[in-house]
>>> print(open('target-v2.cif').read())   # mmCIF, C-alpha atoms
data_run
loop_
_atom_site.label_atom_id
_atom_site.label_comp_id
_atom_site.auth_asym_id
_atom_site.auth_seq_id
_atom_site.Cartn_x
_atom_site.Cartn_y
_atom_site.Cartn_z
CA MET Z 1 109.91 68.88 96.02
CA THR Z 2 106.23 69.71 95.75
CA LYS Z 3 105.62 72.97 93.95
CA ARG Z 4 103.94 75.81 95.76
CA ARG Z 5 100.48 76.33 94.26
CA ALA Z 6 98.44 79.46 93.78
CA ILE Z 7 95.71 80.70 91.47
CA LEU Z 8 95.43 84.20 90.06
CA ILE Z 9 91.85 85.40 89.61
CA LEU Z 10 92.32 88.21 87.12
CA HIS Z 11 89.83 90.87 86.06
CA GLY Z 12 88.98 90.25 82.40
CA LYS Z 13 90.11 93.75 81.38
CA GLN Z 14 93.66 92.77 82.29
CA SER Z 15 93.80 89.66 80.09
CA LEU Z 16 96.22 91.29 77.63
CA ASN Z 17 98.40 92.96 80.25
CA GLU Z 18 101.95 92.01 79.25
CA ASP Z 19 103.36 92.90 82.69
CA VAL Z 20 101.01 90.35 84.23
CA ARG Z 21 101.93 87.70 81.69
CA ASN Z 22 105.65 88.24 82.25
CA ALA Z 23 105.31 88.23 86.03
CA VAL Z 24 103.33 84.97 85.95
CA VAL Z 25 106.03 83.32 83.84
CA GLU Z 26 108.70 84.57 86.24
CA LYS Z 27 106.81 83.27 89.27
CA ARG Z 28 106.50 79.86 87.63
CA GLN Z 29 110.24 79.84 87.01
CA GLN Z 30 110.71 80.47 90.74
CA GLY Z 31 108.93 77.20 91.49
CA TRP Z 32 105.33 78.30 91.85
CA GLU Z 33 102.52 76.41 90.13
CA LEU Z 34 100.46 79.48 89.26
CA ASP Z 35 97.14 79.04 87.44
CA VAL Z 36 95.25 81.97 85.92
CA ARG Z 37 91.49 82.42 85.63
CA LEU Z 38 89.62 85.41 84.21
CA THR Z 39 86.44 87.12 85.37
CA TRP Z 40 83.96 88.22 82.73
CA GLU Z 41 80.75 89.19 84.49
CA ALA Z 42 79.22 89.66 87.93
CA GLY Z 43 79.51 86.57 90.11
CA ASP Z 44 82.57 85.17 88.35
CA ALA Z 45 84.98 86.03 91.17
CA GLN Z 46 82.87 84.20 93.73
CA ARG Z 47 82.48 81.17 91.45
CA LEU Z 48 86.20 81.03 90.74
CA VAL Z 49 87.03 81.21 94.44
CA ALA Z 50 84.73 78.24 95.08
CA GLU Z 51 86.35 76.29 92.23
CA ALA Z 52 89.85 77.13 93.48
CA LEU Z 53 89.05 75.92 96.99
CA ALA Z 54 87.48 72.73 95.64
CA ALA Z 55 90.66 72.10 93.65
CA GLY Z 56 92.76 72.38 96.82
CA HIS Z 57 94.40 75.75 96.28
CA ARG Z 58 95.76 77.32 99.47
CA HIS Z 59 96.73 80.71 98.01
CA ILE Z 60 94.61 83.01 95.84
CA VAL Z 61 95.79 86.19 94.12
CA ALA Z 62 93.23 88.94 93.44
CA GLY Z 63 94.23 90.72 90.24
CA GLY Z 64 92.19 93.87 89.69
CA GLY Z 65 90.89 96.92 91.53
CA ASP Z 66 89.28 97.43 94.92
CA GLY Z 67 85.98 95.91 93.73
CA THR Z 68 87.63 92.69 92.57
CA LEU Z 69 89.57 92.53 95.83
CA ARG Z 70 86.38 92.95 97.86
CA ASP Z 71 84.55 90.21 95.94
CA ILE Z 72 87.36 87.70 96.41
CA ALA Z 73 88.00 88.61 100.05
CA GLU Z 74 84.31 88.24 100.85
CA ALA Z 75 84.06 84.88 99.10
CA LEU Z 76 87.08 83.54 100.99
CA ALA Z 77 85.80 84.75 104.36
CA LEU Z 78 82.32 83.33 103.79
CA ALA Z 79 83.86 79.99 102.84
CA GLY Z 80 85.48 79.78 106.27
CA THR Z 81 88.79 78.71 104.77
CA SER Z 82 92.36 79.29 105.91
CA CYS Z 83 93.34 79.88 102.27
CA SER Z 84 95.45 83.07 102.05
CA LEU Z 85 95.00 86.04 99.74
CA ALA Z 86 97.60 88.07 97.85
CA ILE Z 87 96.87 91.37 96.09
CA LEU Z 88 97.82 92.30 92.55
CA PRO Z 89 96.67 95.95 92.33
CA LEU Z 90 95.54 96.66 88.77
CA GLY Z 91 92.64 99.07 89.29
CA THR Z 92 92.26 102.82 88.99
CA ALA Z 93 92.52 103.76 92.65
CA ASN Z 94 93.92 100.64 94.39
CA ASP Z 95 93.05 102.34 97.67
CA PHE Z 96 93.56 99.36 99.97
CA ALA Z 97 96.81 98.26 98.31
CA ARG Z 98 98.32 101.75 98.40
CA ALA Z 99 97.54 102.26 102.08
CA ALA Z 100 98.89 98.78 102.87
CA GLY Z 101 102.16 99.41 101.05
CA VAL Z 102 101.56 96.68 98.46
CA PRO Z 103 103.85 97.37 95.47
CA LEU Z 104 102.12 98.61 92.33
CA GLU Z 105 104.72 96.85 90.17
CA VAL Z 106 103.22 93.52 89.14
CA ALA Z 107 106.26 91.32 89.77
CA ASP Z 108 106.95 92.92 93.16
CA ALA Z 109 103.32 92.46 94.21
CA LEU Z 110 103.41 88.75 93.27
CA ASP Z 111 106.57 88.35 95.36
CA LEU Z 112 104.42 88.90 98.44
CA LEU Z 113 103.27 85.29 97.98
CA ASP Z 114 106.60 84.41 99.62
CA VAL Z 115 105.78 86.50 102.72
CA GLU Z 116 103.90 84.86 105.59
CA PRO Z 117 100.26 85.99 105.57
CA SER Z 118 98.79 88.09 108.37
CA ALA Z 119 95.37 87.71 109.96
CA VAL Z 120 93.30 90.80 109.14
CA ASP Z 121 89.81 91.98 109.97
CA LEU Z 122 86.86 92.53 107.68
CA GLY Z 123 83.89 94.85 108.07
CA GLU Z 124 80.38 93.46 107.85
CA VAL Z 125 77.08 95.22 107.14
CA GLY Z 126 73.77 93.78 106.03
CA GLY Z 127 75.29 90.38 105.33
CA LYS Z 128 77.97 91.90 103.08
CA LEU Z 129 81.68 91.98 103.88
CA PHE Z 130 84.22 94.63 102.95
CA LEU Z 131 87.99 94.76 103.28
CA ASN Z 132 88.73 98.44 102.85
CA MET Z 133 86.01 100.96 103.65
CA ALA Z 134 82.35 101.83 103.65
CA THR Z 135 81.79 105.42 102.55
CA GLY Z 136 78.67 107.57 102.54
CA GLY Z 137 77.67 111.09 101.61
CA PHE Z 138 79.07 113.16 98.79
CA GLY Z 139 82.28 111.15 98.51
CA SER Z 140 80.46 107.91 97.77
CA GLN Z 141 78.35 109.69 95.14
CA VAL Z 142 81.54 110.86 93.42
CA THR Z 143 82.96 107.32 93.40
CA ALA Z 144 79.74 105.81 92.07
CA ASN Z 145 79.35 108.41 89.32
CA THR Z 146 82.91 108.43 87.97
CA SER Z 147 82.76 106.91 84.50
CA GLU Z 148 84.98 104.05 83.35
CA ASP Z 149 86.08 106.08 80.31
CA LEU Z 150 87.21 108.94 82.53
CA LYS Z 151 89.15 106.56 84.75
CA LYS Z 152 90.94 105.17 81.69
CA VAL Z 153 92.09 108.66 80.69
CA LEU Z 154 92.80 110.25 84.07
CA GLY Z 155 93.40 107.33 86.40
CA GLY Z 156 92.86 108.19 90.08
CA ALA Z 157 92.48 111.88 89.20
CA ALA Z 158 89.12 110.99 87.62
CA TYR Z 159 87.53 110.96 91.08
CA LEU Z 160 88.81 114.49 91.75
CA PHE Z 161 87.59 115.73 88.37
CA THR Z 162 84.14 114.22 88.91
CA GLY Z 163 83.92 115.67 92.41
CA LEU Z 164 84.78 119.18 91.26
CA SER Z 165 82.38 119.02 88.31
CA ARG Z 166 79.54 117.90 90.59
CA PHE Z 167 80.28 120.42 93.34
CA SER Z 168 77.03 122.31 92.69
CA GLU Z 169 75.09 119.10 93.50
CA LEU Z 170 76.43 119.02 97.04
CA ARG Z 171 73.75 118.03 99.55
CA ALA Z 172 74.27 117.22 103.21
CA ALA Z 173 72.68 114.04 104.57
CA HIS Z 174 71.24 113.71 108.06
CA GLY Z 175 72.39 110.73 110.06
CA GLU Z 176 72.86 109.31 113.52
CA LEU Z 177 75.71 107.00 114.54
CA VAL Z 178 75.63 104.98 117.75
CA GLY Z 179 78.30 102.68 119.15
CA PRO Z 180 79.92 101.74 122.48
CA ASP Z 181 80.29 105.04 124.41
CA PHE Z 182 79.73 106.96 121.17
CA HIS Z 183 76.77 108.93 119.87
CA TRP Z 184 76.74 111.49 117.08
CA ARG Z 185 73.78 113.03 115.26
CA GLY Z 186 73.65 115.75 112.63
CA ASN Z 187 74.15 116.65 108.99
CA LEU Z 188 77.19 115.15 107.31
CA LEU Z 189 79.01 115.71 104.05
CA ALA Z 190 81.09 112.54 104.12
CA LEU Z 191 81.33 109.38 106.19
CA GLY Z 192 84.03 106.75 106.28
CA ILE Z 193 83.77 103.48 108.21
CA GLY Z 194 87.19 102.10 107.67
CA ASN Z 195 88.97 98.86 108.06
CA GLY Z 196 91.52 100.38 105.68
CA ARG Z 197 92.60 104.02 105.50
CA GLN Z 198 91.70 105.61 102.18
CA ALA Z 199 88.94 105.62 99.58
CA GLY Z 200 87.74 107.47 96.50
CA GLY Z 201 91.10 107.54 94.75
CA GLY Z 202 93.38 108.48 97.64
CA HIS Z 203 91.33 110.42 100.20
CA MET Z 204 92.63 109.48 103.67
CA LEU Z 205 89.31 109.33 105.48
CA CYS Z 206 90.60 107.06 108.27
CA PRO Z 207 94.32 107.91 108.40
CA THR Z 208 95.24 105.79 111.44
CA ALA Z 209 93.11 102.70 110.77
CA LEU Z 210 94.67 99.28 111.34
CA VAL Z 211 93.42 96.05 109.81
CA ASP Z 212 94.38 93.77 112.69
CA ASP Z 213 93.02 95.58 115.76
CA GLY Z 214 89.48 94.18 115.73
CA MET Z 215 88.03 97.66 115.34
CA LEU Z 216 86.44 99.94 112.74
CA ASP Z 217 87.59 103.55 112.38
CA ILE Z 218 84.73 106.05 112.07
CA SER Z 219 85.30 109.40 110.34
CA ILE Z 220 82.47 111.91 110.00
CA LEU Z 221 82.74 115.23 108.16
CA PRO Z 222 79.95 117.39 109.65
CA ALA Z 223 78.10 119.89 107.51
CA PRO Z 224 77.63 123.22 109.29
CA GLN Z 225 77.71 126.09 106.84
CA GLU Z 226 81.32 127.01 107.54
CA VAL Z 227 82.44 123.48 106.63
CA VAL Z 228 80.42 123.28 103.41
CA GLY Z 229 82.55 126.01 101.89
CA THR Z 230 85.71 123.96 102.44
CA LEU Z 231 84.64 120.79 100.63
CA ARG Z 232 86.46 121.89 97.49
CA GLN Z 233 89.67 121.78 99.53
CA LEU Z 234 88.87 118.21 100.55
CA LEU Z 235 88.46 117.17 96.92
CA GLU Z 236 91.65 118.96 95.93
CA GLY Z 237 93.78 117.20 98.48
CA GLY Z 238 92.42 117.58 101.96
CA LEU Z 239 94.57 120.52 103.13
CA GLY Z 240 93.18 122.10 106.25
CA ILE Z 241 90.23 119.71 106.48
CA ASP Z 242 91.53 116.97 108.77
CA ASN Z 243 90.72 118.70 112.07
CA MET Z 244 87.07 119.10 111.03
CA PHE Z 245 86.38 115.37 111.20
CA VAL Z 246 84.68 113.65 114.12
CA ARG Z 247 86.50 110.36 114.69
CA ALA Z 248 86.10 107.24 116.77
CA ARG Z 249 87.38 103.66 116.86
CA LEU Z 250 84.67 101.10 117.60
CA PRO Z 251 83.99 97.34 117.37
CA TRP Z 252 80.55 98.13 115.93
CA VAL Z 253 78.46 101.13 114.96
CA GLU Z 254 74.84 101.58 113.93
CA LEU Z 255 73.97 104.15 111.28
CA LYS Z 256 70.45 105.55 111.15
CA SER Z 257 69.12 107.91 108.48
CA ALA Z 258 65.40 108.59 108.09
CA GLN Z 259 65.74 109.45 104.40
CA GLY Z 260 68.18 106.60 103.77
CA LEU Z 261 71.85 106.90 102.96
CA ASP Z 262 73.73 105.55 99.96
CA ILE Z 263 76.80 103.60 101.02
CA ASN Z 264 79.69 102.40 98.88
CA LEU Z 265 81.44 99.19 100.01
CA ASP Z 266 84.68 99.13 98.02
CA GLY Z 267 82.62 99.73 94.88
CA GLU Z 268 79.56 97.72 95.96
CA PRO Z 269 76.46 99.95 96.40
CA LEU Z 270 74.28 99.62 99.48
CA SER Z 271 71.40 101.73 100.74
CA GLY Z 272 69.39 101.67 103.93
CA GLU Z 273 67.82 103.60 106.76
CA ASN Z 274 69.25 101.49 109.58
CA LEU Z 275 72.59 99.75 109.06
CA ARG Z 276 74.80 97.99 111.59
CA PHE Z 277 78.54 97.76 110.85
CA VAL Z 278 80.61 95.18 112.74
CA ALA Z 279 84.32 94.36 112.70
CA ARG Z 280 84.97 90.66 112.07
CA SER Z 281 88.29 90.12 113.81
CA GLY Z 282 90.95 88.05 112.03
CA ALA Z 283 88.53 86.94 109.33
CA LEU Z 284 91.07 86.63 106.51
CA GLN Z 285 94.73 85.76 105.89
CA ILE Z 286 96.46 88.26 103.56
CA HIS Z 287 100.03 88.47 102.27
CA LEU Z 288 101.08 92.03 103.14
CA PRO Z 289 104.52 93.64 103.36
CA ARG Z 290 106.25 92.79 106.64
CA HIS Z 291 106.24 96.42 107.73
CA SER Z 292 102.89 97.40 106.27
CA PRO Z 293 101.65 100.62 107.91
CA ILE Z 294 98.17 99.15 108.42
CA LEU Z 295 99.45 96.22 110.51
CA GLY Z 296 100.43 96.25 114.15
CA GLY Z 297 97.26 96.86 116.08
CA LYS Z 298 96.82 95.40 119.53
CA ARG Z 299 93.98 92.95 119.05
CA ALA Z 300 90.88 94.02 120.90
CA PHE Z 301 88.22 91.79 122.44
CA ASN Z 302 85.58 92.32 119.84
CA ARG Z 303 82.50 90.20 120.32
CA PRO Z 304 79.59 92.38 119.13
CA ASP Z 305 76.66 92.80 121.47
#
>>> encode(input="target-v2.cif", output="structure tokens")
Amino acid sequence: MTKRRAILILHGKQSLNEDVRNAVVEKRQQGWELDVRLTWEAGDAQRLVAEALAAGHRHIVAGGGDGTLRDIAEALALAGTSCSLAILPLGTANDFARAAGVPLEVADALDLLDVEPSAVDLGEVGGKLFLNMATGGFGSQVTANTSEDLKKVLGGAAYLFTGLSRFSELRAAHGELVGPDFHWRGNLLALGIGNGRQAGGGHMLCPTALVDDGMLDISILPAPQEVVGTLRQLLEGGLGIDNMFVRARLPWVELKSAQGLDINLDGEPLSGENLRFVARSGALQIHLPRHSPILGGKRAFNRPD
């Protein structure tokens, strides 16, 4: 019988991870032909995806954090392939994997290769694709400015620590968001445009987002004075903050900001004064748990204007 084939594209920092080594051996014993390739520098993930597709692989495993996952997901979608993606969450936050219910145990995560993949959406902005979320405002600044050393020591709590330590730097950004039957303008503290549900080390910015509904979830935290004083609560866990968000679910949304707004796409920085976000329906096949909380959306007709 022909062996099932897959390739694990593993972030170079995880090359000595014994749990990964043991899980790979176990998967091979189960009948999988599982190759392993390591990333070392920017662009490696994209190159390795191209090489894997050229070699005839039909399943790719992304081993790393949300940034590695985004790079590989984007490369697969741009290649226009039906090759499926599995997630081995090895980062600090693992925001997409946690919201999707992907096991954090290495062997259990690899077992999802045996589950039929699901068609999921991707978000697109400025020619870039993202799987999880685009964030703007103070939250994206926290994510971008959290040091690697701090993440090694504190894990996901590093984002909270950085946010609290930079609280005095809080500045609201002015923006305007326009979509089908939606228009909002004002000062905002945080913005989430979610395909997935959480970002920044566990903050549920888009708590009801689904990855197979052909839509993007929009969450805006406005910045009137009475809300500014509650941001510390948001960073400490979000208690009492949820009802302050303005939310919408749209196939596309345009973001305008005269002074420009820094955006974080699953770890990829982006900046612009006029950005259009579009949901690309069913753009990728991913192995997710059968009862993943982010699956189950009724697919919407989603051809952007």
>>> atom_distance(input="target-v2.cif", atom1="atom CA of Z:Ser15", atom2="atom CA of Z:Leu38")
7.2 Å
>>> resolve_selection(input="target-v2.cif", expression="the PyMOL selection byres ((chain Z and resi 7) around 7)", output="ChimeraX atom specification")
/Z:6,8-9,34-36,59-61
>>> atom_distance(input="target-v2.cif", atom1="atom CA of Z:Val25", atom2="atom CA of Z:Glu51")
22.5 Å
>>> closest_residue(input="target-v2.cif", among="Z:Glu116, Z:Glu273, Z:Glu268, Z:Glu105", to="Z:Ala23", atoms="only C-alpha atoms")
Z:Glu105
>>> atom_distance(input="target-v2.cif", atom1="atom CA of Z:Ser281", atom2="atom CA of Z:Val120")
6.9 Å
>>> closest_residue(input="target-v2.cif", among="Z:His287, Z:Arg70, Z:Arg276, Z:Arg21", to="Z:Ala45", atoms="only C-alpha atoms")
Z:Arg70
>>> decode(input="target-v2.cif", residues="stretch 102-130 of chain Z", atoms="N, CA and C atoms", output="PDB file, in the first residue's frame")
ATOM      1  N   VAL Z 102      -7.103  23.208  18.110  1.00  0.00           N
ATOM      2  CA  VAL Z 102      -5.992  22.328  17.735  1.00  0.00           C
ATOM      3  C   VAL Z 102      -5.204  21.969  18.992  1.00  0.00           C
ATOM      4  N   PRO Z 103      -4.937  20.694  19.244  1.00  0.00           N
ATOM      5  CA  PRO Z 103      -4.202  20.318  20.454  1.00  0.00           C
ATOM      6  C   PRO Z 103      -2.814  20.957  20.504  1.00  0.00           C
ATOM      7  N   LEU Z 104      -2.391  21.339  21.695  1.00  0.00           N
ATOM      8  CA  LEU Z 104      -1.055  21.899  21.861  1.00  0.00           C
ATOM      9  C   LEU Z 104      -0.007  20.806  22.059  1.00  0.00           C
ATOM     10  N   GLU Z 105      -0.459  19.583  22.363  1.00  0.00           N
ATOM     11  CA  GLU Z 105       0.459  18.451  22.433  1.00  0.00           C
ATOM     12  C   GLU Z 105       0.859  18.056  21.011  1.00  0.00           C
ATOM     13  N   VAL Z 106       2.163  17.909  20.807  1.00  0.00           N
ATOM     14  CA  VAL Z 106       2.685  17.720  19.451  1.00  0.00           C
ATOM     15  C   VAL Z 106       2.092  16.494  18.770  1.00  0.00           C
ATOM     16  N   ALA Z 107       2.106  15.358  19.441  1.00  0.00           N
ATOM     17  CA  ALA Z 107       1.608  14.121  18.820  1.00  0.00           C
ATOM     18  C   ALA Z 107       0.131  14.231  18.479  1.00  0.00           C
ATOM     19  N   ASP Z 108      -0.652  14.831  19.379  1.00  0.00           N
ATOM     20  CA  ASP Z 108      -2.091  14.975  19.138  1.00  0.00           C
ATOM     21  C   ASP Z 108      -2.355  15.911  17.964  1.00  0.00           C
ATOM     22  N   ALA Z 109      -1.547  16.967  17.851  1.00  0.00           N
ATOM     23  CA  ALA Z 109      -1.717  17.891  16.728  1.00  0.00           C
ATOM     24  C   ALA Z 109      -1.418  17.192  15.405  1.00  0.00           C
ATOM     25  N   LEU Z 110      -0.353  16.385  15.362  1.00  0.00           N
ATOM     26  CA  LEU Z 110      -0.014  15.664  14.129  1.00  0.00           C
ATOM     27  C   LEU Z 110      -1.088  14.652  13.758  1.00  0.00           C
ATOM     28  N   ASP Z 111      -1.822  14.139  14.742  1.00  0.00           N
ATOM     29  CA  ASP Z 111      -2.883  13.178  14.451  1.00  0.00           C
ATOM     30  C   ASP Z 111      -4.003  13.792  13.619  1.00  0.00           C
ATOM     31  N   LEU Z 112      -4.073  15.120  13.579  1.00  0.00           N
ATOM     32  CA  LEU Z 112      -5.097  15.759  12.755  1.00  0.00           C
ATOM     33  C   LEU Z 112      -4.861  15.528  11.265  1.00  0.00           C
ATOM     34  N   LEU Z 113      -3.670  15.054  10.892  1.00  0.00           N
ATOM     35  CA  LEU Z 113      -3.436  14.679   9.495  1.00  0.00           C
ATOM     36  C   LEU Z 113      -4.410  13.592   9.045  1.00  0.00           C
ATOM     37  N   ASP Z 114      -4.927  12.813   9.998  1.00  0.00           N
ATOM     38  CA  ASP Z 114      -5.847  11.728   9.676  1.00  0.00           C
ATOM     39  C   ASP Z 114      -7.298  12.181   9.631  1.00  0.00           C
ATOM     40  N   VAL Z 115      -7.545  13.468   9.896  1.00  0.00           N
ATOM     41  CA  VAL Z 115      -8.891  14.037   9.828  1.00  0.00           C
ATOM     42  C   VAL Z 115      -9.064  14.715   8.467  1.00  0.00           C
ATOM     43  N   GLU Z 116     -10.222  14.533   7.853  1.00  0.00           N
ATOM     44  CA  GLU Z 116     -10.482  15.172   6.561  1.00  0.00           C
ATOM     45  C   GLU Z 116     -10.345  16.681   6.687  1.00  0.00           C
ATOM     46  N   PRO Z 117      -9.654  17.326   5.735  1.00  0.00           N
ATOM     47  CA  PRO Z 117      -9.506  18.783   5.827  1.00  0.00           C
ATOM     48  C   PRO Z 117     -10.810  19.509   5.529  1.00  0.00           C
ATOM     49  N   SER Z 118     -10.910  20.731   6.041  1.00  0.00           N
ATOM     50  CA  SER Z 118     -12.063  21.591   5.806  1.00  0.00           C
ATOM     51  C   SER Z 118     -11.633  22.795   4.979  1.00  0.00           C
ATOM     52  N   ALA Z 119     -12.527  23.262   4.118  1.00  0.00           N
ATOM     53  CA  ALA Z 119     -12.265  24.469   3.340  1.00  0.00           C
ATOM     54  C   ALA Z 119     -12.477  25.684   4.232  1.00  0.00           C
ATOM     55  N   VAL Z 120     -11.461  26.528   4.359  1.00  0.00           N
ATOM     56  CA  VAL Z 120     -11.561  27.717   5.204  1.00  0.00           C
ATOM     57  C   VAL Z 120     -11.223  28.963   4.388  1.00  0.00           C
ATOM     58  N   ASP Z 121     -11.653  30.088   4.919  1.00  0.00           N
ATOM     59  CA  ASP Z 121     -11.415  31.371   4.266  1.00  0.00           C
ATOM     60  C   ASP Z 121     -10.055  31.940   4.661  1.00  0.00           C
ATOM     61  N   LEU Z 122      -9.613  32.900   3.891  1.00  0.00           N
ATOM     62  CA  LEU Z 122      -8.472  33.724   4.236  1.00  0.00           C
ATOM     63  C   LEU Z 122      -8.877  35.185   4.092  1.00  0.00           C
ATOM     64  N   GLY Z 123      -8.204  36.066   4.817  1.00  0.00           N
ATOM     65  CA  GLY Z 123      -8.373  37.488   4.615  1.00  0.00           C
ATOM     66  C   GLY Z 123      -7.291  37.995   3.682  1.00  0.00           C
ATOM     67  N   GLU Z 124      -7.619  39.028   2.917  1.00  0.00           N
ATOM     68  CA  GLU Z 124      -6.665  39.605   1.980  1.00  0.00           C
ATOM     69  C   GLU Z 124      -6.664  41.117   2.128  1.00  0.00           C
ATOM     70  N   VAL Z 125      -5.470  41.705   2.137  1.00  0.00           N
ATOM     71  CA  VAL Z 125      -5.328  43.160   2.168  1.00  0.00           C
ATOM     72  C   VAL Z 125      -4.016  43.535   1.492  1.00  0.00           C
ATOM     73  N   GLY Z 126      -4.072  44.454   0.573  1.00  0.00           N
ATOM     74  CA  GLY Z 126      -2.855  44.926  -0.074  1.00  0.00           C
ATOM     75  C   GLY Z 126      -2.021  43.843  -0.710  1.00  0.00           C
ATOM     76  N   GLY Z 127      -2.660  42.807  -1.248  1.00  0.00           N
ATOM     77  CA  GLY Z 127      -1.928  41.717  -1.869  1.00  0.00           C
ATOM     78  C   GLY Z 127      -1.385  40.696  -0.896  1.00  0.00           C
ATOM     79  N   LYS Z 128      -1.588  40.906   0.398  1.00  0.00           N
ATOM     80  CA  LYS Z 128      -1.136  39.962   1.422  1.00  0.00           C
ATOM     81  C   LYS Z 128      -2.329  39.183   1.961  1.00  0.00           C
ATOM     82  N   LEU Z 129      -2.095  37.927   2.327  1.00  0.00           N
ATOM     83  CA  LEU Z 129      -3.132  37.076   2.875  1.00  0.00           C
ATOM     84  C   LEU Z 129      -2.860  36.805   4.347  1.00  0.00           C
ATOM     85  N   PHE Z 130      -3.933  36.628   5.104  1.00  0.00           N
ATOM     86  CA  PHE Z 130      -3.769  36.259   6.511  1.00  0.00           C
ATOM     87  C   PHE Z 130      -4.833  35.250   6.888  1.00  0.00           C
TER      88      PHE Z 130
END
